[in-house]
$ cat query.txt   # compact mmCIF, C-alpha atoms (C1' of nucleotides)
# COMPACT_ATOMS: atom_id res chain seq x y z
CA MET A 1 218.10 146.24 43.68
CA ASN A 2 217.88 143.91 46.63
CA ASN A 3 218.40 140.35 45.48
CA TYR A 4 215.16 139.22 47.12
CA THR A 5 213.06 141.35 44.81
CA GLU A 6 213.17 138.73 42.09
CA ILE A 7 212.59 135.87 44.48
CA LEU A 8 209.52 137.54 45.93
CA ARG A 9 208.17 138.05 42.43
CA GLN A 10 208.82 134.45 41.53
CA HIS A 11 206.48 133.59 44.38
CA ASN A 12 203.85 136.00 43.02
CA LEU A 13 204.49 138.43 45.81
CA LYS A 14 204.94 142.08 44.94
CA ALA A 15 208.27 143.36 46.12
CA THR A 16 207.10 146.11 48.42
CA PRO A 17 209.52 147.85 50.78
CA GLN A 18 207.75 146.24 53.71
CA ARG A 19 208.15 142.77 52.25
CA LEU A 20 211.78 143.34 51.42
CA GLU A 21 212.34 144.39 55.00
CA ILE A 22 210.47 141.36 56.36
CA THR A 23 212.65 139.24 54.15
CA ASN A 24 215.72 141.01 55.41
CA ALA A 25 214.66 140.47 59.02
CA LEU A 26 214.09 136.78 58.36
CA TYR A 27 217.42 136.48 56.64
CA THR A 28 219.31 138.36 59.33
CA SER A 29 217.72 136.68 62.32
CA GLY A 30 217.38 133.23 60.80
CA HIS A 31 214.25 132.64 62.87
CA ILE A 32 211.88 135.29 64.16
CA SER A 33 208.55 135.43 65.98
CA ILE A 34 205.65 137.66 64.99
CA GLU A 35 206.18 140.04 67.87
CA ASN A 36 209.92 140.34 67.34
CA LEU A 37 209.35 140.88 63.66
CA TYR A 38 206.88 143.64 64.44
CA ASP A 39 209.41 145.32 66.72
CA VAL A 40 212.10 145.13 64.06
CA MET A 41 209.76 146.43 61.38
CA LEU A 42 208.64 149.38 63.48
CA LYS A 43 212.20 150.67 63.46
CA LYS A 44 212.12 150.97 59.69
CA PHE A 45 208.44 151.81 59.20
CA ASN A 46 207.21 153.76 62.16
CA SER A 47 203.58 153.39 61.19
CA ILE A 48 203.49 149.84 59.93
CA SER A 49 200.38 148.00 60.96
CA LEU A 50 200.46 144.70 62.76
CA ALA A 51 197.87 143.58 60.24
CA THR A 52 200.46 144.05 57.52
CA ILE A 53 202.79 141.71 59.38
CA TYR A 54 200.14 139.04 59.70
CA LYS A 55 198.90 139.39 56.16
CA ASN A 56 202.37 139.11 54.74
CA ILE A 57 203.39 136.22 56.92
CA ASN A 58 200.28 134.35 55.83
CA LEU A 59 200.77 135.14 52.16
CA MET A 60 204.42 134.17 52.36
CA LEU A 61 203.46 130.90 54.03
CA GLU A 62 200.90 130.14 51.33
CA ALA A 63 203.50 130.87 48.69
CA SER A 64 205.96 128.60 50.52
CA PHE A 65 208.38 131.49 50.55
CA ILE A 66 208.70 131.03 54.31
CA GLN A 67 208.01 128.24 56.80
CA GLU A 68 206.61 128.19 60.30
CA VAL A 69 208.64 126.42 62.97
CA LYS A 70 206.61 125.23 65.95
CA ILE A 71 208.82 124.79 68.95
CA PRO A 72 207.66 123.03 72.14
CA ASN A 73 206.88 125.54 74.90
CA GLU A 74 207.79 128.50 72.69
CA LYS A 75 206.05 130.84 70.33
CA SER A 76 206.24 129.96 66.67
CA VAL A 77 209.03 131.42 64.62
CA TYR A 78 209.32 131.84 60.88
CA GLU A 79 212.20 131.25 58.51
CA LEU A 80 212.93 131.60 54.83
CA THR A 81 212.31 128.36 53.00
CA LYS A 82 215.52 126.46 52.34
CA GLU A 83 216.73 122.91 52.01
CA THR A 84 215.02 120.46 54.37
CA HIS A 85 216.67 120.65 57.76
CA SER A 86 216.06 120.10 61.45
CA HIS A 87 216.26 122.54 64.35
CA ILE A 88 218.03 122.60 67.65
CA ILE A 89 217.16 125.05 70.41
CA CYS A 90 219.04 125.91 73.58
CA ASP A 91 216.82 125.63 76.64
CA SER A 92 218.98 128.19 78.39
CA CYS A 93 219.61 131.07 75.98
CA GLY A 94 216.90 130.27 73.46
CA GLU A 95 219.19 130.21 70.45
CA ILE A 96 217.63 128.39 67.52
CA ARG A 97 219.95 126.82 65.03
CA ASP A 98 219.39 124.94 61.80
CA ILE A 99 220.99 121.54 61.64
CA GLU A 100 221.28 119.16 58.74
CA LEU A 101 220.62 115.62 59.78
CA ASN A 102 220.11 112.53 57.73
CA LEU A 103 216.78 111.07 58.74
CA ASP A 104 216.52 108.58 55.89
CA SER A 105 216.85 105.46 57.98
CA VAL A 106 214.53 106.77 60.67
CA ILE A 107 211.95 107.62 58.07
CA SER A 108 212.22 104.30 56.29
CA ASN A 109 211.83 102.50 59.60
CA ALA A 110 208.80 104.64 60.34
CA ALA A 111 207.31 103.98 56.92
CA GLN A 112 207.72 100.26 57.42
CA SER A 113 206.22 100.05 60.89
CA SER A 114 203.36 102.47 60.22
CA ASN A 115 202.52 101.73 56.59
CA TYR A 116 202.41 105.46 56.00
CA ASN A 117 203.67 107.01 52.82
CA ILE A 118 205.82 109.62 54.57
CA LYS A 119 206.32 112.95 52.86
CA LYS A 120 207.59 115.33 55.49
CA SER A 121 209.41 115.38 58.78
CA ALA A 122 209.84 118.00 61.45
CA LEU A 123 212.50 117.35 64.06
CA ILE A 124 213.26 119.74 66.87
CA LEU A 125 215.99 118.92 69.34
CA SER A 126 216.56 120.81 72.55
CA GLY A 127 219.26 120.98 75.16
CA THR A 128 222.08 123.25 76.17
CA CYS A 129 224.36 124.96 73.71
CA LYS A 130 228.12 125.11 74.06
CA ASN A 131 228.11 128.60 75.57
CA CYS A 132 225.49 127.78 78.18
CA GLN A 133 226.97 124.50 79.34
CA MET B 1 187.98 103.94 92.06
CA ASN B 2 189.30 105.01 88.71
CA ASN B 3 192.93 104.01 88.43
CA TYR B 4 193.94 107.56 87.50
CA THR B 5 192.94 108.95 90.89
CA GLU B 6 196.21 107.91 92.44
CA ILE B 7 198.27 109.07 89.48
CA LEU B 8 196.67 112.50 89.56
CA ARG B 9 197.43 112.76 93.28
CA GLN B 10 201.01 111.72 92.70
CA HIS B 11 201.26 114.77 90.50
CA ASN B 12 199.77 116.97 93.23
CA LEU B 13 196.54 117.28 91.35
CA LYS B 14 193.30 116.74 93.24
CA ALA B 15 191.28 113.98 91.68
CA THR B 16 188.14 115.89 90.82
CA PRO B 17 185.44 114.37 88.62
CA GLN B 18 186.32 116.88 85.92
CA ARG B 19 189.97 115.92 85.96
CA LEU B 20 189.18 112.25 85.91
CA GLU B 21 187.03 112.85 82.87
CA ILE B 22 189.72 114.91 81.14
CA THR B 23 192.11 112.08 81.84
CA ASN B 24 189.65 109.62 80.43
CA ALA B 25 189.20 111.70 77.30
CA LEU B 26 192.96 111.90 76.82
CA TYR B 27 193.31 108.19 77.36
CA THR B 28 190.47 107.31 75.03
CA SER B 29 191.37 109.67 72.21
CA GLY B 30 195.11 109.40 72.51
CA HIS B 31 195.47 112.99 71.31
CA ILE B 32 192.92 115.73 71.69
CA SER B 33 192.67 119.46 71.01
CA ILE B 34 191.26 122.00 73.45
CA GLU B 35 188.08 122.46 71.48
CA ASN B 36 187.45 118.76 71.04
CA LEU B 37 188.13 118.19 74.71
CA TYR B 38 185.64 120.90 75.60
CA ASP B 39 183.01 119.24 73.41
CA VAL B 40 183.63 115.86 75.00
CA MET B 41 183.55 117.31 78.50
CA LEU B 42 180.28 119.14 77.88
CA LYS B 43 178.59 115.80 77.35
CA LYS B 44 179.47 114.73 80.88
CA PHE B 45 179.32 118.11 82.63
CA ASN B 46 176.74 120.25 80.93
CA SER B 47 177.86 123.42 82.66
CA ILE B 48 181.62 122.96 82.65
CA SER B 49 183.46 126.18 81.96
CA LEU B 50 186.00 126.51 79.21
CA ALA B 51 188.20 128.18 81.82
CA THR B 52 188.21 124.89 83.72
CA ILE B 53 189.55 123.15 80.64
CA TYR B 54 192.34 125.67 80.17
CA LYS B 55 193.25 125.80 83.86
CA ASN B 56 193.47 122.04 84.08
CA ILE B 57 195.40 121.62 80.87
CA ASN B 58 197.91 124.18 82.10
CA LEU B 59 198.22 122.62 85.55
CA MET B 60 198.58 119.16 84.04
CA LEU B 61 201.28 120.44 81.72
CA GLU B 62 203.17 122.03 84.61
CA ALA B 63 202.92 118.79 86.51
CA SER B 64 204.16 116.91 83.44
CA PHE B 65 201.09 114.73 83.69
CA ILE B 66 200.35 115.56 80.06
CA GLN B 67 202.30 116.86 77.08
CA GLU B 68 201.49 119.26 74.31
CA VAL B 69 202.08 118.09 70.75
CA LYS B 70 202.61 120.90 68.26
CA ILE B 71 201.84 119.73 64.77
CA PRO B 72 202.71 121.75 61.66
CA ASN B 73 199.64 123.48 60.21
CA GLU B 74 197.39 122.02 62.89
CA LYS B 75 196.07 123.00 66.28
CA SER B 76 197.98 121.67 69.24
CA VAL B 77 196.82 118.44 70.78
CA TYR B 78 197.50 117.01 74.22
CA GLU B 79 198.37 113.51 75.35
CA LEU B 80 199.05 111.70 78.60
CA THR B 81 202.75 111.61 79.36
CA LYS B 82 204.27 108.27 78.42
CA GLU B 83 207.54 106.85 77.20
CA THR B 84 209.37 109.09 74.75
CA HIS B 85 207.97 108.61 71.29
CA SER B 86 207.47 110.32 67.97
CA HIS B 87 204.30 111.13 66.09
CA ILE B 88 203.00 110.50 62.64
CA ILE B 89 200.01 112.28 61.17
CA CYS B 90 198.00 111.55 58.07
CA ASP B 91 197.66 114.61 55.86
CA SER B 92 194.44 113.21 54.48
CA CYS B 93 192.33 111.96 57.40
CA GLY B 94 194.21 113.70 60.19
CA GLU B 95 194.84 110.58 62.23
CA ILE B 96 197.64 111.08 64.73
CA ARG B 97 199.54 108.03 65.81
CA ASP B 98 202.34 107.47 68.27
CA ILE B 99 205.38 105.77 66.85
CA GLU B 100 208.43 104.46 68.60
CA LEU B 101 211.57 105.27 66.70
CA ASN B 102 215.15 104.95 67.71
CA LEU B 103 216.71 108.36 67.28
CA ASP B 104 219.93 107.58 69.14
CA SER B 105 222.22 107.81 66.16
CA VAL B 106 220.53 110.93 64.82
CA ILE B 107 220.84 112.57 68.22
CA SER B 108 224.46 111.60 68.67
CA ASN B 109 225.25 112.97 65.23
CA ALA B 110 223.45 116.16 66.12
CA ALA B 111 225.27 116.44 69.44
CA GLN B 112 228.57 116.06 67.70
CA SER B 113 227.98 118.58 64.95
CA SER B 114 226.29 121.18 67.16
CA ASN B 115 228.15 120.78 70.44
CA TYR B 116 224.81 120.84 72.20
CA ASN B 117 224.05 118.67 75.18
CA ILE B 118 220.79 117.31 73.80
CA LYS B 119 218.06 116.42 76.25
CA LYS B 120 214.88 116.18 74.25
CA SER B 121 213.62 115.52 70.77
CA ALA B 122 210.31 116.09 69.07
CA LEU B 123 209.80 114.39 65.75
CA ILE B 124 206.62 114.67 63.76
CA LEU B 125 206.27 112.82 60.49
CA SER B 126 203.46 113.37 58.04
CA GLY B 127 202.17 111.66 54.98
CA THR B 128 199.34 109.40 53.99
CA CYS B 129 198.13 106.51 56.11
CA LYS B 130 197.36 103.05 54.75
CA ASN B 131 193.63 103.70 54.56
CA CYS B 132 194.00 106.96 52.68
CA GLN B 133 196.53 105.80 50.11
C1' DT C 1 202.78 158.99 32.85
C1' DA C 2 198.32 156.47 33.29
C1' DT C 3 195.89 152.32 34.84
C1' DT C 4 194.77 148.88 37.97
C1' DA C 5 195.03 145.12 41.02
C1' DA C 6 197.20 144.44 45.02
C1' DA C 7 199.19 146.08 49.32
C1' DA C 8 199.41 149.17 53.31
C1' DG C 9 197.37 151.41 57.23
C1' DA C 10 193.75 152.15 60.57
C1' DT C 11 190.76 150.00 63.11
C1' DA C 12 186.76 146.94 64.06
C1' DA C 13 185.62 142.18 64.77
C1' DT C 14 186.55 137.63 66.16
C1' DA C 15 188.99 133.94 68.37
C1' DA C 16 191.92 132.19 71.87
C1' DT C 17 193.56 132.41 76.38
C1' DT C 18 193.98 134.18 80.99
C1' DA C 19 192.38 136.64 85.19
C1' DT C 20 189.01 137.64 88.72
C1' DC C 21 185.69 136.72 91.99
C1' DC C 22 182.50 134.08 94.25
C1' DT C 23 180.73 129.36 95.32
C1' DT C 24 181.62 124.55 95.88
C1' DT C 25 184.30 120.59 97.11
C1' DA C 26 188.31 117.18 97.81
C1' DA C 27 191.05 115.69 101.21
C1' DG C 28 192.91 115.73 105.43
C1' DT C 29 191.80 116.37 110.58
C1' DT C 30 189.38 116.09 114.49
C1' DA D 1 180.81 111.41 110.25
C1' DA D 2 181.13 116.45 110.69
C1' DC D 3 184.82 120.34 110.45
C1' DT D 4 188.29 123.02 108.20
C1' DT D 5 190.58 124.92 104.47
C1' DA D 6 193.19 125.29 100.41
C1' DA D 7 192.20 124.31 96.03
C1' DA D 8 189.00 123.75 92.17
C1' DG D 9 184.89 124.90 89.52
C1' DG D 10 181.73 128.17 87.19
C1' DA D 11 180.53 132.62 85.35
C1' DT D 12 182.24 136.11 83.15
C1' DA D 13 185.39 140.08 82.44
C1' DA D 14 189.82 141.20 80.59
C1' DT D 15 193.59 140.48 77.77
C1' DT D 16 196.03 138.81 73.86
C1' DA D 17 196.30 137.00 69.28
C1' DT D 18 194.58 136.93 64.81
C1' DT D 19 191.58 138.09 61.02
C1' DA D 20 188.35 141.08 58.45
C1' DT D 21 186.86 145.45 56.53
C1' DC D 22 187.38 149.65 54.36
C1' DT D 23 189.88 153.46 52.51
C1' DT D 24 194.24 155.23 50.73
C1' DT D 25 198.55 154.33 48.56
C1' DT D 26 201.65 152.06 45.45
C1' DA D 27 204.12 148.35 42.53
C1' DA D 28 204.00 146.67 38.16
C1' DT D 29 202.79 146.91 33.53
C1' DA D 30 201.23 149.15 29.44

$ encode --input "query.txt" --output "structure tokens"
Amino acid sequence: MNNYTEILRQHNLKATPQRLEITNALYTSGHISIENLYDVMLKKFNSISLATIYKNINLMLEASFIQEVKIPNEKSVYELTKETHSHIICDSCGEIRDIELNLDSVISNAAQSSNYNIKKSALILSGTCKNCQ
Amino acid sequence: MNNYTEILRQHNLKATPQRLEITNALYTSGHISIENLYDVMLKKFNSISLATIYKNINLMLEASFIQEVKIPNEKSVYELTKETHSHIICDSCGEIRDIELNLDSVISNAAQSSNYNIKKSALILSGTCKNCQ
DNA sequence: TATTAAAAGATAATAATTATCCTTTAAGTT
DNA sequence: AACTTAAAGGATAATTATTATCTTTTAATA
């Protein structure tokens, strides 16, 4: 039994073969767009419907099993929910990497100057990765 | 003469009445979505085409006269290009505010741990504004 | 194994965005 | 100030992205 079966169920999502494969694609790629996910899924399920992709992505988002990452000038990608982290994308090869950064002081500064009660942050950095430099 | 005429021209954009009004809407609102912009524009140009909105937004983006702001779980909004800044959005009333935050140390940490040559950052904070608390 | 609510697949419908084509106009030139 | 022309606007078709509908299949539980 795939170890994501239980986790899907914990999120009130039935562990269908399609969902396990979506999960696998997310896990393997780290970050994947709808169209890339559809391509990957077609290899395993030659008659999967695009509607199934959308429905599952939306249900998984609602269940907070996955997260959407909105990247400037790019299509959205999706990732399995994990510890809070930031993202860094290479403007040359397009690689998207997770990066753990401590934003505490930035957020406390922001809270002070804005009077907002800040709950979430989304930071996306971009530049050139080691390979592309 | 509206003071944005020259600035539009400096970006190789003809200063048409429609563009001046788009600019005015961006300036007045700070941040505006396509559909809200279309509504605002219709009040001044009762037969403006939605295609005109899209074409201009895209040309203005290419010319870096404006920027797109991608907000988690929200539609994109657009703003006039200005000094680098972050954004903070209220999850209750939806207010979007610019906020100047010093990300230097976060970025240098990120550069060090990722080996990326970082050029840009996009930080969006969310929470509850003073009024909504 | 039988039951059932939920999920998948096919596809229609809707929404968002872009392309096309013709008319109008901003901006430079005479 | 009229002339020229590339670019912009408007109308609308086409395309792309996303959601809804309906029927069949299946995961989960009894």

$ interface_residues --input "query.txt" --of "chain B" --to "chain A" --cutoff "7 Å" --atoms "all atoms listed in the file" --output "list in words"
Lys70, Pro72, Leu101, Val106, Ala110, Asn115, Tyr116, Asn117, Ile118, Lys119, Lys120, Ser121, Ala122, Leu123, Ile124, Leu125, Ser126, Gly127, Thr128, Cys129 and Lys130 of chain B

$ atom_distance --input "query.txt" --atom1 "CA of Lys55 (chain B)" --atom2 "CA of Glu95 (chain A)"
29.5 Å

$ closest_atom_pairs --input "query.txt" --of "chain D" --to "chain A" --cutoff "12 Å" --atoms "all atoms listed in the file" --output "CSV"
residue,atom,partner,partner_atom,distance
D:DT16,C1',A:Glu35,CA,11.8
D:DA17,C1',A:Ile34,CA,10.3
D:DT18,C1',A:Tyr54,CA,7.8
D:DT19,C1',A:Ala51,CA,8.4
D:DA20,C1',A:Ala51,CA,10.0
D:DT21,C1',A:Ala51,CA,11.8
D:DT25,C1',A:Thr16,CA,11.9
D:DT26,C1',A:Thr16,CA,8.6
D:DA27,C1',A:Lys14,CA,6.8
D:DA28,C1',A:Lys14,CA,8.2

$ residues_around --input "query.txt" --residues "region 18-32 of chain A" --least-positions-apart "6" --cutoff "7 Å" --atoms "all atoms listed in the file" --output "number ranges by chain"
A: 4, 77-80

$ interface_residues --input "query.txt" --of "chain C" --to "chain A" --cutoff "9 Å" --atoms "all atoms listed in the file" --output "list in words"
DA6, DA7, DA8, DG9 and DA10 of chain C

$ closest_residue --input "query.txt" --among "C:DT18, C:DT30, C:DT1, C:DT25" --to "Ile53 (chain B)" --atoms "all atoms listed in the file"
C:DT18

$ atom_distance --input "query.txt" --atom1 "CA of Lys75 (chain A)" --atom2 "CA of Glu62 (chain A)"
19.7 Å

$ axis_aligned_box --input "query.txt" --around "region 14-28 of chain D" --padding-each-side "4 Å" --output "lines of an AutoDock Vina configuration file"
center_x = 195.5
center_y = 146.1
center_z = 59.4
size_x = 25.3
size_y = 26.3
size_z = 50.4

$ atom_distance --input "query.txt" --atom1 "C1' of DA2 (chain C)" --atom2 "CA of Glu6 (chain A)"
24.8 Å

$ residues_around --input "query.txt" --residues "His11 (chain A)" --least-positions-apart "2" --cutoff "8 Å" --atoms "all atoms listed in the file" --output "list of chain:residue names"
A:Ile7, A:Leu8, A:Arg9, A:Leu13, A:Ala63, A:Ser64, A:Phe65

$ residues_around --input "query.txt" --residues "DA19 (chain C)" --least-positions-apart "4" --cutoff "9 Å" --atoms "all atoms listed in the file" --output "MDAnalysis selection string"
chainID D and resid 13:15
